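Asker: Could you have a look at this structure, given as structure tokens, before my questions?
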Amino acid sequence: MYKQRKLIISLALFAASARADTFVYAVSTNYNNFTGQFGTLSLTTGEFNQIGAAIPGPLYGLAPGPNGSLLSVSGTGNLDSINPGTGAVSVIGAISVIGKVSPIGVANVADTIAELNGTVYATDLYGNFYTVNTKTGAATLVGVTGLPICPAVTNPAGVSDEALFTDGGKLFATFDGINLATSSVVDSPELYQINPVTGVATLVGPTAFGLDAALQVNGTAYGFAFGYTASNSVLSLNVANGNTTFLGDYVSSPVAGGVNSFDIEGAIPTPEPAPIGLLAIGVAAVLFVRWRRFYGQRRGWFARATPSRGA
């Protein structure tokens, strides 16, 4: 009995320690050399651990794909597939957004993606909203969100931050814009809810600046804010009003901290950790052993209490 109790306690502590730190898959951009990274990020410590080699370009957004793969958008607007075990990236095809080139020569491309109820959605630089064929990358226009146009379309110094994510069966987006040359805000940071049937975005409220990725884990929405001239932050995000609460800084390998260097551009929950399943198996095994012992004792008692047929 003592050994059985020790086994149960050990398994429980093992599983509890695994649940104490929540990991998510994430893609990040190294703005020192404009390469991408794929790996896991701890929501508890903010530490990013790279999986596989560096990616030869940024990736934006993360969504579940076929056969356990993950999907993301390349800087050139392709739908890419990521093997979460190795970090290997392969191109599926171009996300066929509305063809448009701005007066300063910026071509319209897909900006980011997210998945809701089995459908992958994408936005582009002009705030259009699409469904995406995960096998080919072909995009079907749903509607116009009403989100601001990316400042880069009209100004080489302009950039935007956008996160597309789901929470509670609803689709949300955050957006802001900044002029890097003047450090002036072009579009104030706002949280929107998007109607997946029409694509129309409804303003929820102001939110934190620099949100490039967000996701929901265990009932809590988290956002990842690029600091520009400050630290990169992990935030809790209230999708009812856009309010955020600072939880900690996030750091990226191989350079820790990374003011104006590493930026989390997409995140998605990882599968349920194995130790929880291990705990269940361990408890079931202990119960089975106890049942067998109890059943064996009962059989022995009946054998002793029942006269033999030959008596």
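Quick note on naming: the chains in the structure tokens go A, B, ... in the order shown, residues restart at 1 in each chain, and ligands are numbered from 1 in order of appearance.
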Give one line per residue of range 10-74 of chain A that approaches range 159-171 of chain A to at most 10 Å, naming the two atoms of the closest pair and their distance in Å to one decimal, counting only C-alpha atoms; sort by chain then ascending residue number and deliver it as CSV.
Answerer:
```
residue,atom,partner,partner_atom,distance
A:Tyr60,CA,A:Ala163,CA,8.9
A:Gly61,CA,A:Leu164,CA,7.2
A:Leu62,CA,A:Phe165,CA,8.9
A:Ala63,CA,A:Phe165,CA,9.1
```
Asker: Output the selection as a tab-separated table (two decimals), in the first residue's frame - C-alpha atoms for each residue.
Answerer:
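Output contents, as saved in part_4.tsv:
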```tsv
chain	number	residue	atom	x	y	z
A	60	TYR	CA	3.11	35.65	-39.78
A	61	GLY	CA	0.27	33.96	-37.90
A	62	LEU	CA	-0.18	30.30	-36.96
A	63	ALA	CA	-3.07	27.94	-37.60
```
Asker: Need to verify the contact set: Val91 in chain A, 8 Å, only C-alpha atoms, exclusion of same-chain residues closer than 4 positions in sequence. Can you return it as a ChimeraX atom specification?
Answerer: /A:78-81
Asker: Could you jot down the CA of Gly143 in chain A to CA of Phe175 in chain A separation for me, Å, one decimal place?
Answerer: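 That distance, rounded to one decimal, is 17.5 Å.
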Asker: Measuring between only C-alpha atoms, which one of A:Ile51, A:Leu43, A:Ile178, A:Val89 shows the shortest distance to Tyr228 in chain A?
Answerer: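 Result for the nearest residue to Tyr228 in chain A: A:Ile178.
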Asker: Compile the contact shell of Asp263 in chain A as a list in words: residues with an atom at most 6 Å away, counting only C-alpha atoms, same-chain residues fewer than 4 positions apart removed.
Answerer: Ser28, Thr29 and Phe226 of chain A
